[in-house]
Amino acid sequence: MNKKYTFFIVDDDPLFIQTLTRILTGHGQAICSGAARAEALHEIVERRPDCIILGVTDSDAKGLEFLRRLRNVSELNGTKIVTVFAHPSDQTLQKARAAGADGSIARSVQGDTLIRYLTEIIEGLIRFTFWGVHGTLPVPGRKTARYGGNTPCVSLRLPGDSLFVFDAGTGIKELSNFLASENRPVTHAAILISHPHWDHIHGLPFFGPLYTRGNSLDIFGPPNGSMSLRELIAGQMNGVYFPINIKEFNAKVSFLDLGEEQFDLNGAAVQSIFLNHPGRCLGYRLDWGETSFCYMTDHELYPPSNSLYDEDYVRKLEAFIADADVLITDAAYLDEEYEGKMGWGHSSVSRATELADRAGVKKLFLFHHDLDQTDDDIDAKLEIARAVLEERGSSTVCIAPKEGETFTVQRKNSQE
Ligand SMILES: [Zn+2]
Ligand SMILES: [Zn+2]
């Protein structure tokens, strides 16, 4: 945390208050007080901390009742409340959220992870990380060492506890390792698959949270022909192509077939759109209040001179990503490469950049790099994109994210 915040810790265990106080003060934070629940309310209202950390046992109806009372105190409208559980289940977390918690953590979470988590909640930070940025095939090696050689996977965490994962290329193994190292229970995640081409699902069998009992994961994506998303995923794990079957997922896993739809998911408004790509492929837009995030990969934008160019389709895409804070999009080819790869379902960097500018996107992230491209080629695409934006007098900022790189966007208005 760069800024200094005031915390009030409420817990019936003095040792817990002591431990947490040590961690927070060790990171330069201020503790205004700690108290057992019975004595806390009056003092909290008087001190109006930035954040209340409230210890709750897992089946503690009185703890949630106390949380509701805190949320109803108008003097505490600007105060964030974080609940701390021993082993929170998905259901417990949902109850805490419904009672007014801004986020929840497990008692075992400590140190830097705890501080990062509290920062996300207090500052309303939406954090997203790239775990694989190449398309089609993993391309490890010296020539891709800077940007990384894994296939598509992006994770996004809302300030509360909601985890979204976009695509399950080989990058998802890195995400899986990171989640294990964080010692922060996953319990619930939504995995949004763009389409079932190998590079978007071949990492899924290696996502550890799928095998943990007590977790609940929803996997969304488009069916293809008569095959449901469940059948598409199960197909690559049918014993011939992979030794572990989807029946061995110990988590509660739901598969949900999607078309072009709008629905609410874990605190976000989600929209999906069909993209110009062989087979069925979906782009996603997530909105929280006025903050928006778009993931739109594997789609081909024809140049206006091409007979297949469809202005209506381009306008539809433009409306879908309009004014987005973040757009992660297919910019597979250098402009000169595109000619020879027309019809393969991917875009050149200039076309992708022009679309982002037309739509008023604030930050454009170049994604799904062609398998034959090196780090230097990606640098070249970034230069081209920036030149296109400059020529158009655009305010869009363009970034070529590296594997493992995390970005944040601040939630503009709170939904609470
Ligand atoms: Zn792909
Ligand atoms: Zn594809």
# chains A, B, ... in the order shown; residues from 1 in each chain; ligands from 1
>>> residues_around(residues="stretch 134-146 of chain A", least_positions_apart="4", cutoff="8 Å", atoms="only C-alpha atoms", output="short mmCIF file (atom, residue, chain, number, x, y, z; two decimals) with C-alpha atoms, in the first residue's frame")
data_model
loop_
_atom_site.label_atom_id
_atom_site.label_comp_id
_atom_site.auth_asym_id
_atom_site.auth_seq_id
_atom_site.Cartn_x
_atom_site.Cartn_y
_atom_site.Cartn_z
CA ASN A 150 2.36 -19.53 -23.39
CA THR A 151 -1.03 -19.54 -25.11
CA PRO A 152 -3.96 -17.29 -24.06
CA THR A 170 -1.14 -23.11 -21.38
CA TRP A 198 -6.77 -26.04 -28.86
CA ASP A 199 -4.87 -22.95 -27.81
CA ALA A 332 -1.86 -11.49 -34.52
CA PHE A 367 -2.72 -10.09 -27.78
CA HIS A 368 -2.67 -13.53 -29.46
CA HIS A 369 0.64 -13.07 -31.26
CA ASP A 370 1.31 -15.32 -34.23
CA LEU A 371 3.27 -18.48 -33.40
CA THR A 374 9.54 -13.33 -31.84
CA ASP A 375 9.82 -10.72 -29.10
CA LYS A 402 4.27 -9.56 -21.12
#
>>> residues_around(residues="stretch 286-291 of chain A", least_positions_apart="3", cutoff="6 Å", atoms="only C-alpha atoms", output="count of residues only")
6
>>> residues_near_ligand(ligand="ligand 2", cutoff="8 Å", atoms="only C-alpha atoms and all ligand atoms", output="list in words")
Thr136, His195, Pro196, His197, Trp198, Asp199, His200, His277, Pro278, Cys281, Asp298, His299 and Gly345 of chain A
>>> write_last_selection(atoms="C-alpha atoms", output="mmCIF file, in the first residue's frame")
data_model
loop_
_atom_site.group_PDB
_atom_site.id
_atom_site.type_symbol
_atom_site.label_atom_id
_atom_site.label_comp_id
_atom_site.auth_asym_id
_atom_site.auth_seq_id
_atom_site.Cartn_x
_atom_site.Cartn_y
_atom_site.Cartn_z
ATOM 1 C CA THR A 136 -2.135 -21.058 -31.686
ATOM 2 C CA HIS A 195 -13.902 -20.870 -28.318
ATOM 3 C CA PRO A 196 -12.678 -24.453 -28.224
ATOM 4 C CA HIS A 197 -9.671 -24.205 -30.552
ATOM 5 C CA TRP A 198 -6.770 -26.039 -28.860
ATOM 6 C CA ASP A 199 -4.871 -22.953 -27.806
ATOM 7 C CA HIS A 200 -7.850 -21.743 -25.732
ATOM 8 C CA HIS A 277 -13.454 -16.553 -36.746
ATOM 9 C CA PRO A 278 -13.741 -20.149 -38.030
ATOM 10 C CA CYS A 281 -16.041 -17.748 -31.119
ATOM 11 C CA ASP A 298 -9.481 -14.609 -32.355
ATOM 12 C CA HIS A 299 -11.313 -12.404 -34.800
ATOM 13 C CA GLY A 345 -9.525 -15.621 -38.562
#
>>> closest_residue(among="A:Arg22, A:Arg69, A:Lys252, A:Arg285", to="A:Arg37", atoms="only C-alpha atoms")
A:Arg69
>>> residues_around(residues="A:Ala40", least_positions_apart="3", cutoff="10 Å", atoms="only C-alpha atoms", output="PyMOL selection string")
chain A and resi 8-11+33-37+43-45
>>> write_last_selection(atoms="N, CA and C atoms", output="PDB file, in the first residue's frame")
ATOM      1  N   PHE A   8      -9.630  -0.901  11.863  1.00  0.00           N
ATOM      2  CA  PHE A   8     -10.177  -1.320  13.147  1.00  0.00           C
ATOM      3  C   PHE A   8     -10.398  -2.828  13.044  1.00  0.00           C
ATOM      4  N   ILE A   9      -9.793  -3.560  13.955  1.00  0.00           N
ATOM      5  CA  ILE A   9      -9.898  -5.031  13.892  1.00  0.00           C
ATOM      6  C   ILE A   9     -10.887  -5.507  14.956  1.00  0.00           C
ATOM      7  N   VAL A  10     -11.885  -6.252  14.524  1.00  0.00           N
ATOM      8  CA  VAL A  10     -12.878  -6.781  15.464  1.00  0.00           C
ATOM      9  C   VAL A  10     -12.758  -8.298  15.489  1.00  0.00           C
ATOM     10  N   ASP A  11     -12.378  -8.825  16.647  1.00  0.00           N
ATOM     11  CA  ASP A  11     -12.295 -10.287  16.763  1.00  0.00           C
ATOM     12  C   ASP A  11     -12.284 -10.659  18.238  1.00  0.00           C
ATOM     13  N   SER A  33      -7.742   0.692  16.467  1.00  0.00           N
ATOM     14  CA  SER A  33      -8.034  -0.097  17.657  1.00  0.00           C
ATOM     15  C   SER A  33      -8.385  -1.509  17.253  1.00  0.00           C
ATOM     16  N   GLY A  34      -8.434  -2.361  18.243  1.00  0.00           N
ATOM     17  CA  GLY A  34      -8.923  -3.711  18.044  1.00  0.00           C
ATOM     18  C   GLY A  34      -9.781  -4.039  19.244  1.00  0.00           C
ATOM     19  N   ALA A  35     -10.863  -4.758  19.017  1.00  0.00           N
ATOM     20  CA  ALA A  35     -11.747  -5.051  20.141  1.00  0.00           C
ATOM     21  C   ALA A  35     -12.590  -6.264  19.836  1.00  0.00           C
ATOM     22  N   ALA A  36     -13.095  -6.852  20.902  1.00  0.00           N
ATOM     23  CA  ALA A  36     -14.053  -7.934  20.735  1.00  0.00           C
ATOM     24  C   ALA A  36     -15.362  -7.317  20.250  1.00  0.00           C
ATOM     25  N   ARG A  37     -16.198  -8.144  19.651  1.00  0.00           N
ATOM     26  CA  ARG A  37     -17.417  -7.647  19.009  1.00  0.00           C
ATOM     27  C   ARG A  37     -18.317  -6.849  19.959  1.00  0.00           C
ATOM     28  N   GLU A  43     -17.121   2.349  19.559  1.00  0.00           N
ATOM     29  CA  GLU A  43     -15.783   2.877  19.269  1.00  0.00           C
ATOM     30  C   GLU A  43     -15.543   3.014  17.755  1.00  0.00           C
ATOM     31  N   ILE A  44     -16.054   2.044  16.995  1.00  0.00           N
ATOM     32  CA  ILE A  44     -15.869   2.096  15.532  1.00  0.00           C
ATOM     33  C   ILE A  44     -16.518   3.350  14.960  1.00  0.00           C
ATOM     34  N   VAL A  45     -17.769   3.607  15.409  1.00  0.00           N
ATOM     35  CA  VAL A  45     -18.501   4.769  14.885  1.00  0.00           C
ATOM     36  C   VAL A  45     -17.746   6.047  15.232  1.00  0.00           C
TER      37      VAL A  45
END
>>> closest_residue(among="A:Asp112, A:Asp330, A:Asp90, A:Glu46", to="A:Leu301", atoms="only C-alpha atoms")
A:Asp330
>>> residues_around(residues="stretch 305-314 of chain A", least_positions_apart="3", cutoff="12 Å", atoms="only C-alpha atoms", output="list in words")
Ile273, Phe274, Leu275, Asn276, His299, Glu300, Leu301, Tyr302, Leu317, Glu318, Ala319, Phe320, Ile321, Ala322, Glu339, Met342, Gly343, Arg351, Ala352, Glu354, Leu355, Ala356, Arg358 and Ala359 of chain A
